[in-house]
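Enquirer: Sending over a structure as structure tokens; questions will come in a sec.
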Amino acid sequence: MLAFVLRRVFQSIIVLLVVGLVAFSMFTFVGDPIDNMLGQERTQADIERLRQQLGLDQPFVVQYWNFLQNAAQGNFGVSYRQGRPVSEILLERAPATLELAAVSALFAMALGIGLGVFTAIRRDGVASNLIMSISLIGVSLPTFLIGILLIWVFAVELSWLPSFGRGEVVQVGGWSTGFLTSSGLKALILPAITLGLYQMTLIMRLVRSEMLEVLRQDYIRFARARGLRERAVNFRHALKNTLVPVITVTGLQLGAIIAFAIITETVFQWPGVGLLFINAIQFVDIPVMAAYLMLISVMFVGINLIVDLLYFAIDPRLRAGRGKGH
Amino acid sequence: MSDASQGASRHTDASAEKPTPRSRFGRAWESDFAWKFRHSPVAIIASAVALLIVLAAIFAPLIAPVDPFDPGALNLMNGFTPPGTPNAFTGETFLLGTDDQGRDVFSTILYGLRISLFVGVSAVLFAMVLGVTLGLIAGYVGGWVDTIIMRIADIQLTFPSILVAMLIFGIAKGVTPVEYRDQMAIWVLILAIGLSDWVQFARVVRGATLVQAGREYVQAARLIGRKGPAIMLRHILPNVLSPVLVIATISLALAIIAEATLSFLGVGAPPTQPSLGTLIRIGQGFLFSGEWWILFFPALTLLALALSVNLLGDWLRDALNPRLK
Amino acid sequence: MRFLTMTLTALALGAPAAAETFRWAGQTDPQTLDPHAVSSTPVLGFLNNAYEGLVRRGQDMTIEPALATGWEPIGDGEGWRFTLREGVTFHDGATFDADDVIFSYERASSEQSDVSSWFAPVSRVEKVDQYTVDIFTSAPNPIFPDSIANWMMMDSGWAEENDTARPDKEQGNHATLNANGTGAFRVTGREPGLETTLAPFDDWWGEAEHNITEAIFTPIQNPATAVAALISGDVDMINPVPIQDAERLDAREGVKVIKGIEARVIMLGVGHDHSQLKFGADAGEPNPFQDVRVRRAVAQAISVPAILQTIMRGNAEPASQLVSPAMRGFSEPNAEGVTQDIESARALLDEANYGDGFSFGLKCPNDRYLNDEAVCQAIVSMLAQVGLEAELETMPVRNYWPELREDAFDMFLLGWSPGTFDAEHPIRFLVATPEGNLGTWNFGGFSNDRIDEILPMIQSEIDDTRRQELLDEAAAIIQDEVAYVPLYVQPLVWGARESIELVQRPDDFFILRWVRVN
């Protein structure tokens with residue numbers, strides 16, 4: 001067990017290092033940060049001087065090495081755009097993204113499991129087919145368009161919900177939360193739906209197909225034959241058995257939610273790390289981009305590691321077989 | 001409708017042609033498959049819509065009233081003409097109106113579809129070939145090869161596709177000769193979307209391969225001295241194809257949408273040769289200005305396409321699942 | 001004493017969420033609060049609310065006294081003497097005097113400053129007494145007071161205390177996140193990229209015309225989101241309004257659109273010093289744009305009115321030269337621009353032996369100017385009518401400027417807003433032969449001996465008539481040589497709630513002290 005854990009942790013570190021290397025090789029292609037840092041009256045000499053100061057005249061491997069050296073000491077550099085330590089900025093922005101991701105995951109799980117069970121039980125019903133088809137609309141249009149349409153309907157035409165931002169936030173020990181104010185809660189609704197729609201459809205489909213399969217299993221048939229009430233069969237026995245794969249997939253999808261948050265945050269001007277990253281791309285803010293990518297990869301690697309370890313703990317034979325759920 | 005069912009069964013023919021011990025089962029499965037198709041109105045309608053859209057894209061030059069990619073044929077003064085109403089300056093009328101450049105929206109949708117479908121299909125094919133190959137190898141060979149492939153998959157998942165797209169754009173710009181620069185964007189999109197998509201193919205195929213590799217028939221093949229590649233191609237691949245097919249269908253819809261999203265983020269098809277996604281990106285700028293048709297018709301087309309492909313994928317998943325009868 | 005009663009009212013009301021909280025949104029967050037670190041419109045425009053210079057621009061862009069009550073030339077054009085306003089305090093309570101001017105000069109003209117070029121003509125600055133300062137120039141400089149409207153005064157004590165005596169673009173320092181000016185508003189909260197809060201400065205020397213008690217700025221990048229925020233009342237003002245939305249927005253209840261003309265002229269440039277074409281099917285062939293007839297044919301092939309009619313929805317004016325008529329030194333004799341004339345364009349191309357046209361590359365930004373991408377597309381189809389096949393490549397500015405610097409274009413789109421509001425500015429940056437501080441944005445490498453000869457004469461000419469003659473001559477050369485193809489003056493479109501009164505200035509600066517919430 002220990003050997004396996006150590007090996008996986010070691011592999012994860014290698015993955016992180018490679019992510020960093022790939023990231024730094026890209027930055028030159030994203031664009032040139034210099035023009036955003038200098039005004040109209042800059043001269044060629046100013047450009048050269050700034051480039052040198054930022055170390056941009058070095059090959060990317062050297063830039064990466066410098067980054068690693070500083071990162072090892074907990075220093076992720078200073079944002080070109082904001083002139084502040086990147087770690088400070090990321091910490092400031094993380095609560096917004098995490099809260100949004102949590103609410104969307106919750107929304108996706110609750111609605112996804114509920115509708116999944118319903119459509120499985122009434123497999124051929126009109127309502128089920130309708131739900132199945134309508135839910136597909138959610139994944140048949142680009143997220144940004146869904147977001148803009150939601151804003152248009154609920155913020156502009158109906159004026160029910162705010163069109164952008166997080167509303168009023170409250171500081172709770174360095175964590176800014178929107179959960180405690182009514183404007184904060186209202187502001188969460190549209191972005192959470194936009195972000196969670198895709199996962200909701202996915203979970204619903206997964207629950208439905210797992211349920212359909214479980215419902216055919218012998219023990220369910222026995223339960224029915226024993227005369228247990230339909231509802232008890234459906235929920236106590238069938239649903240319980242579908243939840244394991246659902247939770248696994250949802251766990252893996254949590255990463256995807258945070259990655260998708262880039263688009264949602266851009267459309268809703270949601271002040272999280274996704275918006276920060278898009279801004280960083282726009283202004284070629286290399287320190288911010290690098291730190292963000294490292295953060296995301298730590299997250300993905302971490303989730304994968306945990307999933308693998310869980311599998312290992314549950315069933316050593318499955319150690320190599322985490323093919324389930326993409 | 002029969003066209004579509006033939007199209008679908010042709011695919012199964014291809015896998016049934018291989019002289020595997022399962023070919024008899026394959027044929028039975030095929031007829032069963034056809035029966036299921038005939039009895040599913042959703043599948044029939046979805047494939048009809050998809051077929052119609054694909055045909056419209058293929059025959060776009062014959063159907064479209066104008067070639068919107070020919071800048072010399074455009075008249076800026078035709079811009080913003082509402083559908084079916086004559087333009088105030090030129091008096092010309094357009095079925096679905098015109099966009100800001102005076103391009104006929106109907107024609108741009110047809111031509112845009114070609115690009116979107118081409119990008120989508122190529123990206124999925126690319127992802128499929130890459131993912132299936134790596135998945136097979138990872139699952140069959142195992143050991144450190146498996147570890148490396150799956151860790152590469154982890155790295156891949158870390159990078160948002162927009163960044164991958166930008167990287168490839170940047171590199172492509174450096175290496176493509178200037179005379180190919182204008183077509184470059186399309187290939188970059190295919191690569192970028194394909195690269196961010198292969199992981200799920202690889203994971204599913206690897207999982208299925210692990211299961212199949214333990215089966216008796218594979219052991220038997222190994223015993224009679226068949227080589228690894230042959231076993232993978234002849235024995236394992238046919239047995240993992242059905243989940244791959246399902247993923248491919250759903251990925252196709254996703255790839256077409258991903259292309260639209262990349263365009264929204266500023267890395268997409270050139271505006272002079274817009275894809276469906278670029279049209280939607282341009283159109284969303286007119287949501288509040290009253291020119292609804294610039295957004296509405298391309299979005300509707302994308303919705304119809306993605307929806308029908310998704311429904312087909314859905315149906316396929318159920319139909320190909322032997323455990324669900 | 002009106003501001004005093006207002007303050008009292010505000011105090012009586014207590015809560016900052018009182019009726020006069022004004023919220024506005026722009027596309028870009030000012031990246032720093034340091035007035036000398038970055039010379040860009042979002043930064044300087046925003047900071048004009050918190051900081052002030054010796055002079056400032058009024059609602060009609062004229063120069064008026066601010067921290068200096070008056071100024072006069074020294075001797076025979078040796079420099080300028082500024083008399084400072086007495087009784088001015090900074091937001092932290094410190095007094096403003098000549099030492100702060102000297103300090104602000106040293107800070108703004110330092111190597112770390114991004115605005116040091118404003119002080120290139122200055123030879124030295126001397127304190128005469130506590131409220132008098134002499135600024136000497138190495139040559140007579142008639143427009144010097146005009147050119148320092150954005151030179152903002154910083155308190156020397158505050159800067160020293162907070163270790164921010166020099167701007168720091170790379171690492172940032174106290175002045176990046178905090179502001180301590182003399183302006184009508186002080187910054188009370190700053191979350192970079194998210195929200196910046198301002199409150200009226202009670203001890204401001206001027207008389208407050210506004211009735212705001214709190215102002216909150218939020219950057220919103222996505223134009224559709226900004227429009228939605230304005231309509232739904234989440235913000236009171238947005239800048240800019242996407243031009244296509246202006247009409248509909250104006251017609252909506254509770255919202256109005258404020259339109260004007262910006263100082264920015266949009267133009268096409270070509271690679272004058274490229275011997276060969278670099279893009280398109282004819283890459284490697286000799287560069288036809290070196291022939292003035294071809295450049296003129298390009299100008300004649302484009303119908304600017306059609307672009308303005310459709311893409312700009314009638315909200316912009318055609319441009320005849322590199323500055324708009326609102327700028328000082330605009331050349332009246334050259335006010336007649338080129339009009340579309342397809343026949344003549346074809347004839348010119350024939351004459352230049354390009355009757356069959358040719359193919360080349362056109363580079364355009366897609367996030368820099370209003371509808372830049374759409375304008376370039378329109379240009380492509382217009383040039384196609386005379387057989388010029390432009391291969392369009394659009395990109396974000398982060399890639400665009402590097403591309404232009406590397407000379408990777410045959411033709412490009414450029415917008416220019418003269419920081420000094422004077423016609424000399426674009427000549428210095430866009431037309432003069434690139435060398436040192438001159439021609440730093442002259443990507444095409446246009447070079448004309450006479451222009452290079454008269455530029456220094458324009459810069460030091462005290463006599464207005466003579467200066468205008470020189471500017472007219474330069475404008476005529478630029479037109480005759482078709483150094484650039486001027487297209488139009490970019491429109492300025494803001495949106496606000498009906499209840500808001502505000503003033504729109506052509507430099508796209510949004511000045512809070514002219515805002516009234518009704």
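Convention: chains lettered A, B, ... in structure tokens order; per-chain residue numbering from 1; ligands numbered from 1 as shown.
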If we count only C-alpha atoms, what is near region 14-19 of chain A at a cut-off of 9 Å, once residues fewer than 5 positions away on the same chain are taken out, given as a PyMOL selection string?
Expert: (chain A and resi 9+24+68+293-294+297-298+301) or (chain B and resi 151-152+154-156+158-159)
Enquirer: Sorted by chain and rising residue number, which residues of chain A lie within 9 Å of chain B, and what are their closest atom pairs and distances in Å to one decimal, counting only C-alpha atoms, as JSON lines?
Expert:
{"residue": "A:Gln11", "atom": "CA", "partner": "B:Arg151", "partner_atom": "CA", "distance": 7.6}
{"residue": "A:Ser12", "atom": "CA", "partner": "B:Arg151", "partner_atom": "CA", "distance": 8.0}
{"residue": "A:Ile14", "atom": "CA", "partner": "B:Arg151", "partner_atom": "CA", "distance": 8.9}
{"residue": "A:Val15", "atom": "CA", "partner": "B:Ile155", "partner_atom": "CA", "distance": 6.3}
{"residue": "A:Leu16", "atom": "CA", "partner": "B:Ile155", "partner_atom": "CA", "distance": 7.8}
{"residue": "A:Val18", "atom": "CA", "partner": "B:Ile155", "partner_atom": "CA", "distance": 7.6}
{"residue": "A:Val19", "atom": "CA", "partner": "B:Ile155", "partner_atom": "CA", "distance": 6.0}
{"residue": "A:Ala23", "atom": "CA", "partner": "B:Phe159", "partner_atom": "CA", "distance": 8.6}
{"residue": "A:Ser25", "atom": "CA", "partner": "B:Leu167", "partner_atom": "CA", "distance": 8.5}
{"residue": "A:Met26", "atom": "CA", "partner": "B:Leu167", "partner_atom": "CA", "distance": 5.4}
{"residue": "A:Phe27", "atom": "CA", "partner": "B:Leu167", "partner_atom": "CA", "distance": 8.0}
{"residue": "A:Thr28", "atom": "CA", "partner": "B:Gly170", "partner_atom": "CA", "distance": 8.2}
{"residue": "A:Phe29", "atom": "CA", "partner": "B:Gly170", "partner_atom": "CA", "distance": 4.7}
{"residue": "A:Val30", "atom": "CA", "partner": "B:Met166", "partner_atom": "CA", "distance": 6.2}
{"residue": "A:Gly31", "atom": "CA", "partner": "B:Gly170", "partner_atom": "CA", "distance": 8.8}
{"residue": "A:Met132", "atom": "CA", "partner": "B:Leu311", "partner_atom": "CA", "distance": 8.9}
{"residue": "A:Ser133", "atom": "CA", "partner": "B:Leu311", "partner_atom": "CA", "distance": 7.4}
{"residue": "A:Leu136", "atom": "CA", "partner": "B:Leu307", "partner_atom": "CA", "distance": 6.3}
{"residue": "A:Ile137", "atom": "CA", "partner": "B:Leu307", "partner_atom": "CA", "distance": 6.4}
{"residue": "A:Val139", "atom": "CA", "partner": "B:Leu254", "partner_atom": "CA", "distance": 7.8}
{"residue": "A:Ser140", "atom": "CA", "partner": "B:Ala306", "partner_atom": "CA", "distance": 5.0}
{"residue": "A:Leu141", "atom": "CA", "partner": "B:Leu303", "partner_atom": "CA", "distance": 6.0}
{"residue": "A:Pro142", "atom": "CA", "partner": "B:Ile257", "partner_atom": "CA", "distance": 5.4}
{"residue": "A:Thr143", "atom": "CA", "partner": "B:Thr261", "partner_atom": "CA", "distance": 7.5}
{"residue": "A:Phe144", "atom": "CA", "partner": "B:Thr261", "partner_atom": "CA", "distance": 7.0}
{"residue": "A:Leu145", "atom": "CA", "partner": "B:Gln284", "partner_atom": "CA", "distance": 7.5}
{"residue": "A:Ile148", "atom": "CA", "partner": "B:Gln284", "partner_atom": "CA", "distance": 8.2}
{"residue": "A:Leu149", "atom": "CA", "partner": "B:Leu287", "partner_atom": "CA", "distance": 8.9}
{"residue": "A:Trp152", "atom": "CA", "partner": "B:Phe288", "partner_atom": "CA", "distance": 8.6}
{"residue": "A:Arg205", "atom": "CA", "partner": "B:Asp314", "partner_atom": "CA", "distance": 8.9}
{"residue": "A:Ser209", "atom": "CA", "partner": "B:Asp318", "partner_atom": "CA", "distance": 8.3}
{"residue": "A:Leu212", "atom": "CA", "partner": "B:Leu324", "partner_atom": "CA", "distance": 7.6}
{"residue": "A:Glu213", "atom": "CA", "partner": "B:Leu324", "partner_atom": "CA", "distance": 6.8}
{"residue": "A:Arg216", "atom": "CA", "partner": "B:Leu324", "partner_atom": "CA", "distance": 8.5}
{"residue": "A:Gly255", "atom": "CA", "partner": "B:Thr158", "partner_atom": "CA", "distance": 8.9}
{"residue": "A:Ala256", "atom": "CA", "partner": "B:Leu157", "partner_atom": "CA", "distance": 8.6}
{"residue": "A:Ala259", "atom": "CA", "partner": "B:Pro160", "partner_atom": "CA", "distance": 6.6}
{"residue": "A:Phe260", "atom": "CA", "partner": "B:Pro160", "partner_atom": "CA", "distance": 8.4}
{"residue": "A:Ile262", "atom": "CA", "partner": "B:Pro160", "partner_atom": "CA", "distance": 8.9}
{"residue": "A:Ile263", "atom": "CA", "partner": "B:Thr261", "partner_atom": "CA", "distance": 8.2}
{"residue": "A:Ile278", "atom": "CA", "partner": "B:Leu265", "partner_atom": "CA", "distance": 8.7}
{"residue": "A:Ile281", "atom": "CA", "partner": "B:Leu163", "partner_atom": "CA", "distance": 8.8}
{"residue": "A:Leu293", "atom": "CA", "partner": "B:Thr158", "partner_atom": "CA", "distance": 7.1}
{"residue": "A:Met294", "atom": "CA", "partner": "B:Thr158", "partner_atom": "CA", "distance": 8.6}
{"residue": "A:Ile296", "atom": "CA", "partner": "B:Thr158", "partner_atom": "CA", "distance": 6.2}
{"residue": "A:Ser297", "atom": "CA", "partner": "B:Thr158", "partner_atom": "CA", "distance": 5.1}
{"residue": "A:Val298", "atom": "CA", "partner": "B:Thr158", "partner_atom": "CA", "distance": 8.8}
{"residue": "A:Met299", "atom": "CA", "partner": "B:Thr158", "partner_atom": "CA", "distance": 8.7}
{"residue": "A:Phe300", "atom": "CA", "partner": "B:Thr158", "partner_atom": "CA", "distance": 6.6}
{"residue": "A:Val301", "atom": "CA", "partner": "B:Asp154", "partner_atom": "CA", "distance": 6.8}
{"residue": "A:Asn304", "atom": "CA", "partner": "B:Asp154", "partner_atom": "CA", "distance": 8.1}
{"residue": "A:Ala320", "atom": "CA", "partner": "B:Leu210", "partner_atom": "CA", "distance": 8.2}
{"residue": "A:Gly321", "atom": "CA", "partner": "B:Gly207", "partner_atom": "CA", "distance": 5.8}
{"residue": "A:Arg322", "atom": "CA", "partner": "B:Gly207", "partner_atom": "CA", "distance": 6.6}
{"residue": "A:Gly323", "atom": "CA", "partner": "B:Gly207", "partner_atom": "CA", "distance": 3.9}
{"residue": "A:Lys324", "atom": "CA", "partner": "B:Gly207", "partner_atom": "CA", "distance": 6.8}
{"residue": "A:Gly325", "atom": "CA", "partner": "B:Val204", "partner_atom": "CA", "distance": 7.5}
{"residue": "A:His326", "atom": "CA", "partner": "B:Gln200", "partner_atom": "CA", "distance": 5.2}
Enquirer: Please identify all residues of chain C having at least one atom at most 7 Å from any atom of chain A, considering only C-alpha atoms, and return them as a ChimeraX atom specification.
Expert: /C:31-32,38-40,114,117,169-172,176,192,194,220,222,225,228-229,231-232,234,398-399,402,437,440
Enquirer: Write the selection just made, keeping N, CA and C atoms, as a PDB file, in the first residue's frame?
Expert:
ATOM      1  N   GLN C  31      -4.996  49.645 -14.537  1.00  0.00           N
ATOM      2  CA  GLN C  31      -4.139  48.598 -13.993  1.00  0.00           C
ATOM      3  C   GLN C  31      -3.329  49.054 -12.800  1.00  0.00           C
ATOM      4  N   THR C  32      -3.249  50.363 -12.617  1.00  0.00           N
ATOM      5  CA  THR C  32      -2.506  50.880 -11.478  1.00  0.00           C
ATOM      6  C   THR C  32      -3.140  52.193 -11.037  1.00  0.00           C
ATOM      7  N   VAL C  38       1.782  54.222 -15.829  1.00  0.00           N
ATOM      8  CA  VAL C  38       1.298  53.770 -17.120  1.00  0.00           C
ATOM      9  C   VAL C  38       0.513  54.887 -17.791  1.00  0.00           C
ATOM     10  N   SER C  39       0.939  55.241 -18.986  1.00  0.00           N
ATOM     11  CA  SER C  39       0.237  56.301 -19.688  1.00  0.00           C
ATOM     12  C   SER C  39      -0.770  55.681 -20.648  1.00  0.00           C
ATOM     13  N   SER C  40      -1.957  55.373 -20.144  1.00  0.00           N
ATOM     14  CA  SER C  40      -3.004  54.849 -21.012  1.00  0.00           C
ATOM     15  C   SER C  40      -4.323  55.497 -20.615  1.00  0.00           C
ATOM     16  N   ASP C 114       6.457  56.123 -17.013  1.00  0.00           N
ATOM     17  CA  ASP C 114       5.983  55.846 -18.356  1.00  0.00           C
ATOM     18  C   ASP C 114       5.585  57.143 -19.068  1.00  0.00           C
ATOM     19  N   SER C 117       8.339  61.037 -21.447  1.00  0.00           N
ATOM     20  CA  SER C 117       8.503  61.726 -22.728  1.00  0.00           C
ATOM     21  C   SER C 117       7.819  63.097 -22.719  1.00  0.00           C
ATOM     22  N   LYS C 169       6.649  49.619 -12.180  1.00  0.00           N
ATOM     23  CA  LYS C 169       5.690  48.906 -13.036  1.00  0.00           C
ATOM     24  C   LYS C 169       5.719  47.413 -12.784  1.00  0.00           C
ATOM     25  N   GLU C 170       6.908  46.883 -12.509  1.00  0.00           N
ATOM     26  CA  GLU C 170       7.048  45.427 -12.473  1.00  0.00           C
ATOM     27  C   GLU C 170       6.602  44.844 -11.138  1.00  0.00           C
ATOM     28  N   GLN C 171       7.128  45.414 -10.055  1.00  0.00           N
ATOM     29  CA  GLN C 171       6.841  44.825  -8.760  1.00  0.00           C
ATOM     30  C   GLN C 171       5.665  45.497  -8.062  1.00  0.00           C
ATOM     31  N   GLY C 172       5.378  46.717  -8.461  1.00  0.00           N
ATOM     32  CA  GLY C 172       4.316  47.445  -7.788  1.00  0.00           C
ATOM     33  C   GLY C 172       4.795  47.978  -6.452  1.00  0.00           C
ATOM     34  N   THR C 176       0.737  51.850  -6.270  1.00  0.00           N
ATOM     35  CA  THR C 176       0.011  51.060  -7.249  1.00  0.00           C
ATOM     36  C   THR C 176      -1.414  50.796  -6.767  1.00  0.00           C
ATOM     37  N   PRO C 192      -8.202  45.317  -7.191  1.00  0.00           N
ATOM     38  CA  PRO C 192      -7.820  45.383  -8.609  1.00  0.00           C
ATOM     39  C   PRO C 192      -8.595  44.382  -9.454  1.00  0.00           C
ATOM     40  N   LEU C 194     -11.639  44.154  -9.887  1.00  0.00           N
ATOM     41  CA  LEU C 194     -12.998  43.879  -9.438  1.00  0.00           C
ATOM     42  C   LEU C 194     -13.788  45.136  -9.156  1.00  0.00           C
ATOM     43  N   ILE C 220     -16.260  45.586 -16.598  1.00  0.00           N
ATOM     44  CA  ILE C 220     -17.036  44.484 -17.185  1.00  0.00           C
ATOM     45  C   ILE C 220     -16.540  44.294 -18.609  1.00  0.00           C
ATOM     46  N   ASN C 222     -17.249  41.795 -20.990  1.00  0.00           N
ATOM     47  CA  ASN C 222     -18.134  41.344 -22.048  1.00  0.00           C
ATOM     48  C   ASN C 222     -19.162  42.433 -22.342  1.00  0.00           C
ATOM     49  N   THR C 225     -22.787  41.832 -21.426  1.00  0.00           N
ATOM     50  CA  THR C 225     -23.037  41.853 -19.986  1.00  0.00           C
ATOM     51  C   THR C 225     -23.153  43.292 -19.491  1.00  0.00           C
ATOM     52  N   ALA C 228     -26.483  44.676 -20.464  1.00  0.00           N
ATOM     53  CA  ALA C 228     -27.508  44.084 -19.610  1.00  0.00           C
ATOM     54  C   ALA C 228     -27.491  44.722 -18.226  1.00  0.00           C
ATOM     55  N   ALA C 229     -26.297  44.986 -17.715  1.00  0.00           N
ATOM     56  CA  ALA C 229     -26.172  45.581 -16.388  1.00  0.00           C
ATOM     57  C   ALA C 229     -26.775  46.980 -16.360  1.00  0.00           C
ATOM     58  N   ILE C 231     -29.194  48.167 -18.468  1.00  0.00           N
ATOM     59  CA  ILE C 231     -30.651  48.081 -18.636  1.00  0.00           C
ATOM     60  C   ILE C 231     -31.314  47.640 -17.344  1.00  0.00           C
ATOM     61  N   SER C 232     -30.707  46.666 -16.671  1.00  0.00           N
ATOM     62  CA  SER C 232     -31.349  46.148 -15.471  1.00  0.00           C
ATOM     63  C   SER C 232     -31.093  47.037 -14.256  1.00  0.00           C
ATOM     64  N   ASP C 234     -28.303  47.647 -12.694  1.00  0.00           N
ATOM     65  CA  ASP C 234     -27.225  47.242 -11.798  1.00  0.00           C
ATOM     66  C   ASP C 234     -26.082  48.242 -11.810  1.00  0.00           C
ATOM     67  N   ARG C 398      -2.708  41.840 -27.896  1.00  0.00           N
ATOM     68  CA  ARG C 398      -1.515  41.258 -27.267  1.00  0.00           C
ATOM     69  C   ARG C 398      -0.619  40.584 -28.296  1.00  0.00           C
ATOM     70  N   ASN C 399      -1.215  40.167 -29.419  1.00  0.00           N
ATOM     71  CA  ASN C 399      -0.404  39.619 -30.504  1.00  0.00           C
ATOM     72  C   ASN C 399      -0.166  40.648 -31.594  1.00  0.00           C
ATOM     73  N   PRO C 402       3.149  43.185 -31.221  1.00  0.00           N
ATOM     74  CA  PRO C 402       4.403  42.481 -31.547  1.00  0.00           C
ATOM     75  C   PRO C 402       4.520  42.176 -33.043  1.00  0.00           C
ATOM     76  N   ASN C 437      13.506  58.833 -30.279  1.00  0.00           N
ATOM     77  CA  ASN C 437      12.170  59.112 -29.786  1.00  0.00           C
ATOM     78  C   ASN C 437      11.189  59.446 -30.892  1.00  0.00           C
ATOM     79  N   THR C 440       8.126  56.444 -33.313  1.00  0.00           N
ATOM     80  CA  THR C 440       8.120  55.173 -32.578  1.00  0.00           C
ATOM     81  C   THR C 440       6.931  54.286 -32.946  1.00  0.00           C
TER      82      THR C 440
END
Enquirer: Can you work out which residues from chain C touch chain B at a cut-off of 9 Å (counting only C-alpha atoms) and hand them back as a ChimeraX atom specification?
Expert: /C:223-224,227-228,242-249,278-283,306-307,309-311,366,373-375,377-378,380-387,389,391-396
Enquirer: Name the residues in contact with Leu316 (chain B) at a cut-off of 9 Å, using only C-alpha atoms, excluding same-chain residues fewer than 4 positions from it; report them as a ChimeraX atom specification.
Expert: /B:43,242,245-246,249,311-312,320-321
Enquirer: Next, write the just-selected residues to a file, as a PDB file, in the first residue's frame, keeping N, CA and C atoms as the atom set.
Expert:
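Printed below is part-v8.pdb as written:
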ATOM      1  N   ALA B  43     -35.031   8.275 -32.904  1.00  0.00           N
ATOM      2  CA  ALA B  43     -33.853   7.989 -33.722  1.00  0.00           C
ATOM      3  C   ALA B  43     -34.103   8.344 -35.177  1.00  0.00           C
ATOM      4  N   SER B 242     -18.188  -0.417 -29.375  1.00  0.00           N
ATOM      5  CA  SER B 242     -19.484   0.223 -29.174  1.00  0.00           C
ATOM      6  C   SER B 242     -19.437   1.404 -28.202  1.00  0.00           C
ATOM      7  N   LEU B 245     -18.001   4.255 -30.181  1.00  0.00           N
ATOM      8  CA  LEU B 245     -18.947   4.845 -31.120  1.00  0.00           C
ATOM      9  C   LEU B 245     -19.854   5.842 -30.403  1.00  0.00           C
ATOM     10  N   VAL B 246     -20.303   5.452 -29.227  1.00  0.00           N
ATOM     11  CA  VAL B 246     -21.190   6.334 -28.467  1.00  0.00           C
ATOM     12  C   VAL B 246     -20.448   7.616 -28.083  1.00  0.00           C
ATOM     13  N   THR B 249     -20.025   9.931 -31.086  1.00  0.00           N
ATOM     14  CA  THR B 249     -21.211  10.698 -31.465  1.00  0.00           C
ATOM     15  C   THR B 249     -21.375  11.909 -30.561  1.00  0.00           C
ATOM     16  N   LEU B 311     -29.080  13.193 -29.620  1.00  0.00           N
ATOM     17  CA  LEU B 311     -30.170  12.223 -29.487  1.00  0.00           C
ATOM     18  C   LEU B 311     -29.771  10.891 -30.110  1.00  0.00           C
ATOM     19  N   LEU B 312     -29.111  10.976 -31.254  1.00  0.00           N
ATOM     20  CA  LEU B 312     -28.642   9.753 -31.901  1.00  0.00           C
ATOM     21  C   LEU B 312     -27.650   9.020 -31.003  1.00  0.00           C
ATOM     22  N   LEU B 320     -26.921  -0.087 -28.243  1.00  0.00           N
ATOM     23  CA  LEU B 320     -25.721  -0.922 -28.282  1.00  0.00           C
ATOM     24  C   LEU B 320     -25.452  -1.611 -26.957  1.00  0.00           C
ATOM     25  N   ASN B 321     -26.208  -1.234 -25.947  1.00  0.00           N
ATOM     26  CA  ASN B 321     -25.969  -1.842 -24.650  1.00  0.00           C
ATOM     27  C   ASN B 321     -26.709  -3.179 -24.586  1.00  0.00           C
TER      28      ASN B 321
END
